[in-house]
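To start, the structure under review is shown below, and the notes come after it.
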Amino acid sequence: MRERFWERFSLDELTTEEWEALCDGCGQCCLLKFQDDDTGELAVLGVACELLDTHSCRCSDYDHRFERVPDCTRLTPERVAEFRWLPHSCAYRRLAEGRKLARWHPLLSGDPERVHRKGISVRSFALSQRDVPEEEYEDHIIAILPIDD
């Protein structure tokens, strides 16, 4: 990887390896989300995709995630702005908005566990989709995001 690539290149100029390295490992993008057809609001659940390892906050089958989970979101440089539900702490969102990486980010801190110690990851609360019956999803809403968040 190129030294401090996130400061020197735009998102669409990054190599695949650099793009992947931006992920801070919080797991927030893997939380289930449902959009209200009437209001446009997005309900975020404390329930994570069945492929998310809720301890490591990494996908357990990253290479095959789109085949196994058809609703899995493909985050690309071109689509970052579409995903207003990405947390404000997300490196992809931060850089797309012209902000810098957070000091706790593994690329700056050298410590991939720091995201968990800072309470940014879903490690401390997310339940696996495998453990929550679909009829109970409504009981696990943790945030309602307005359409223009």
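By convention in this document, the chains of the structure tokens carry letters A, B, ... by their order, each chain's residues are numbered from 1, and ligands are numbered from 1 in the order they are shown.
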
Any chance you could list, as a PyMOL selection string, the residues in chain A that come up helix (DSSP H, G or I) when DSSP is run on the backbone?
chain A and resi 5-8+11-13+16-21+28-30+62-68+80-82+91-96+106-109+114-117+129-131+134-140

Atoms kept (N, CA and C atoms) for selection, written as a compact mmCIF listing (two decimals), in the first residue's frame:
```
# COMPACT_ATOMS: atom_id res chain seq x y z
N PHE A 5 -2.05 6.73 1.97
CA PHE A 5 -2.83 6.82 0.73
C PHE A 5 -4.14 7.58 0.91
N TRP A 6 -4.76 7.47 2.07
CA TRP A 6 -6.05 8.11 2.31
C TRP A 6 -5.95 9.64 2.31
N GLU A 7 -4.75 10.16 2.51
CA GLU A 7 -4.55 11.61 2.48
C GLU A 7 -4.11 12.10 1.09
N ARG A 8 -3.58 11.21 0.30
CA ARG A 8 -2.96 11.60 -0.97
C ARG A 8 -3.81 11.32 -2.20
N LEU A 11 -10.99 8.65 -3.15
CA LEU A 11 -11.50 7.29 -2.97
C LEU A 11 -11.47 6.49 -4.27
N ASP A 12 -11.79 7.14 -5.38
CA ASP A 12 -11.82 6.40 -6.64
C ASP A 12 -10.44 6.15 -7.24
N GLU A 13 -9.40 6.67 -6.62
CA GLU A 13 -8.03 6.42 -7.07
C GLU A 13 -7.34 5.31 -6.26
N THR A 16 -7.66 -1.74 -4.73
CA THR A 16 -8.59 -2.58 -3.97
C THR A 16 -8.07 -2.80 -2.55
N GLU A 17 -6.78 -3.06 -2.43
CA GLU A 17 -6.18 -3.29 -1.11
C GLU A 17 -6.32 -2.06 -0.21
N GLU A 18 -6.08 -0.88 -0.77
CA GLU A 18 -6.21 0.35 -0.01
C GLU A 18 -7.66 0.60 0.39
N TRP A 19 -8.58 0.38 -0.55
CA TRP A 19 -10.01 0.54 -0.26
C TRP A 19 -10.42 -0.34 0.91
N GLU A 20 -10.02 -1.59 0.86
CA GLU A 20 -10.37 -2.54 1.93
C GLU A 20 -9.74 -2.13 3.26
N ALA A 21 -8.53 -1.58 3.21
CA ALA A 21 -7.83 -1.18 4.44
C ALA A 21 -8.53 -0.02 5.15
N GLN A 28 -20.82 -1.80 11.78
CA GLN A 28 -22.09 -1.08 11.74
C GLN A 28 -22.81 -1.19 10.40
N CYS A 29 -22.06 -1.32 9.33
CA CYS A 29 -22.71 -1.45 8.02
C CYS A 29 -23.41 -2.80 7.87
N CYS A 30 -23.09 -3.74 8.74
CA CYS A 30 -23.69 -5.08 8.67
C CYS A 30 -24.94 -5.22 9.54
N TYR A 62 -16.51 -13.26 3.57
CA TYR A 62 -16.41 -12.02 2.81
C TYR A 62 -16.37 -12.25 1.30
N ASP A 63 -15.60 -13.22 0.85
CA ASP A 63 -15.45 -13.46 -0.59
C ASP A 63 -16.74 -13.90 -1.27
N HIS A 64 -17.66 -14.50 -0.51
CA HIS A 64 -18.90 -15.02 -1.10
C HIS A 64 -20.15 -14.33 -0.54
N ARG A 65 -19.98 -13.19 0.11
CA ARG A 65 -21.09 -12.54 0.80
C ARG A 65 -22.25 -12.18 -0.12
N PHE A 66 -21.97 -11.77 -1.33
CA PHE A 66 -23.06 -11.36 -2.22
C PHE A 66 -23.87 -12.55 -2.73
N GLU A 67 -23.23 -13.70 -2.86
CA GLU A 67 -23.96 -14.90 -3.26
C GLU A 67 -24.80 -15.42 -2.09
N ARG A 68 -24.25 -15.37 -0.89
CA ARG A 68 -24.94 -15.90 0.28
C ARG A 68 -25.99 -14.96 0.85
N VAL A 80 -20.68 5.70 -2.02
CA VAL A 80 -20.56 6.11 -0.61
C VAL A 80 -21.58 7.18 -0.26
N ALA A 81 -21.73 8.18 -1.09
CA ALA A 81 -22.65 9.29 -0.79
C ALA A 81 -24.10 8.84 -0.70
N GLU A 82 -24.45 7.74 -1.39
CA GLU A 82 -25.82 7.21 -1.34
C GLU A 82 -26.17 6.67 0.05
N ALA A 91 -14.82 5.53 8.06
CA ALA A 91 -13.73 6.11 7.27
C ALA A 91 -14.17 6.44 5.85
N TYR A 92 -14.97 5.57 5.25
CA TYR A 92 -15.43 5.83 3.88
C TYR A 92 -16.25 7.12 3.84
N ARG A 93 -17.15 7.26 4.79
CA ARG A 93 -17.99 8.46 4.84
C ARG A 93 -17.15 9.69 5.17
N ARG A 94 -16.29 9.57 6.15
CA ARG A 94 -15.45 10.70 6.56
C ARG A 94 -14.65 11.24 5.37
N LEU A 95 -13.99 10.34 4.66
CA LEU A 95 -13.15 10.77 3.54
C LEU A 95 -14.00 11.33 2.40
N ALA A 96 -15.15 10.71 2.14
CA ALA A 96 -16.04 11.20 1.08
C ALA A 96 -16.54 12.61 1.40
N PRO A 106 -7.54 2.15 12.79
CA PRO A 106 -6.38 1.25 12.77
C PRO A 106 -5.22 1.72 11.87
N LEU A 107 -5.52 2.42 10.79
CA LEU A 107 -4.44 2.91 9.92
C LEU A 107 -3.59 3.97 10.62
N LEU A 108 -4.18 4.68 11.56
CA LEU A 108 -3.43 5.70 12.31
C LEU A 108 -2.91 5.18 13.64
N SER A 109 -3.75 4.43 14.34
CA SER A 109 -3.38 3.97 15.68
C SER A 109 -2.54 2.70 15.64
N ARG A 114 -8.78 -0.96 18.95
CA ARG A 114 -9.16 0.34 19.51
C ARG A 114 -10.60 0.72 19.15
N VAL A 115 -11.07 0.35 17.96
CA VAL A 115 -12.44 0.63 17.55
C VAL A 115 -13.43 -0.02 18.51
N HIS A 116 -13.06 -1.15 19.07
CA HIS A 116 -13.93 -1.86 20.02
C HIS A 116 -13.84 -1.22 21.40
N ARG A 117 -12.63 -0.89 21.84
CA ARG A 117 -12.46 -0.26 23.15
C ARG A 117 -13.13 1.11 23.21
N GLN A 129 -28.34 -12.36 13.29
CA GLN A 129 -29.62 -12.60 12.63
C GLN A 129 -30.07 -14.05 12.84
N ARG A 130 -29.11 -14.94 12.99
CA ARG A 130 -29.44 -16.36 13.23
C ARG A 130 -30.13 -16.58 14.57
N ASP A 131 -29.92 -15.64 15.51
CA ASP A 131 -30.44 -15.80 16.87
C ASP A 131 -31.71 -15.01 17.16
N GLU A 134 -37.44 -13.43 12.89
CA GLU A 134 -37.84 -12.27 12.08
C GLU A 134 -39.01 -11.51 12.70
N GLU A 135 -39.94 -12.23 13.32
CA GLU A 135 -41.10 -11.56 13.92
C GLU A 135 -40.72 -10.70 15.13
N GLU A 136 -39.49 -10.83 15.62
CA GLU A 136 -39.01 -10.02 16.75
C GLU A 136 -38.12 -8.85 16.33
N TYR A 137 -37.89 -8.69 15.05
CA TYR A 137 -37.00 -7.63 14.58
C TYR A 137 -37.41 -6.26 15.10
N GLU A 138 -38.69 -5.97 15.10
CA GLU A 138 -39.16 -4.66 15.54
C GLU A 138 -38.73 -4.35 16.98
N ASP A 139 -38.59 -5.39 17.79
CA ASP A 139 -38.16 -5.21 19.18
C ASP A 139 -36.68 -4.82 19.28
N HIS A 140 -35.95 -4.90 18.18
CA HIS A 140 -34.51 -4.67 18.21
C HIS A 140 -34.09 -3.41 17.45
```

So what do you get for CA of Trp85 in chain A versus CA of Leu42 in chain A, distance-wise?
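Distance between the two atoms: 8.0 Å.
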
I'd like to know which of A:Phe9, A:Phe125, A:Leu31, A:Cys23 is closest to Glu50 in chain A, using only C-alpha atoms.
A:Leu31

Hey, what's within 12 Å of Gly119 in chain A if we count only C-alpha atoms and toss same-chain stuff fewer than 5 positions away? As a count of residues only, please?
10

Nearest to Pro112 in chain A, chosen from A:Gln35, A:Ser56, A:Thr73, A:Ser10, with only C-alpha atoms counted in the distances:
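Result for the nearest residue to Pro112 in chain A: A:Ser56.
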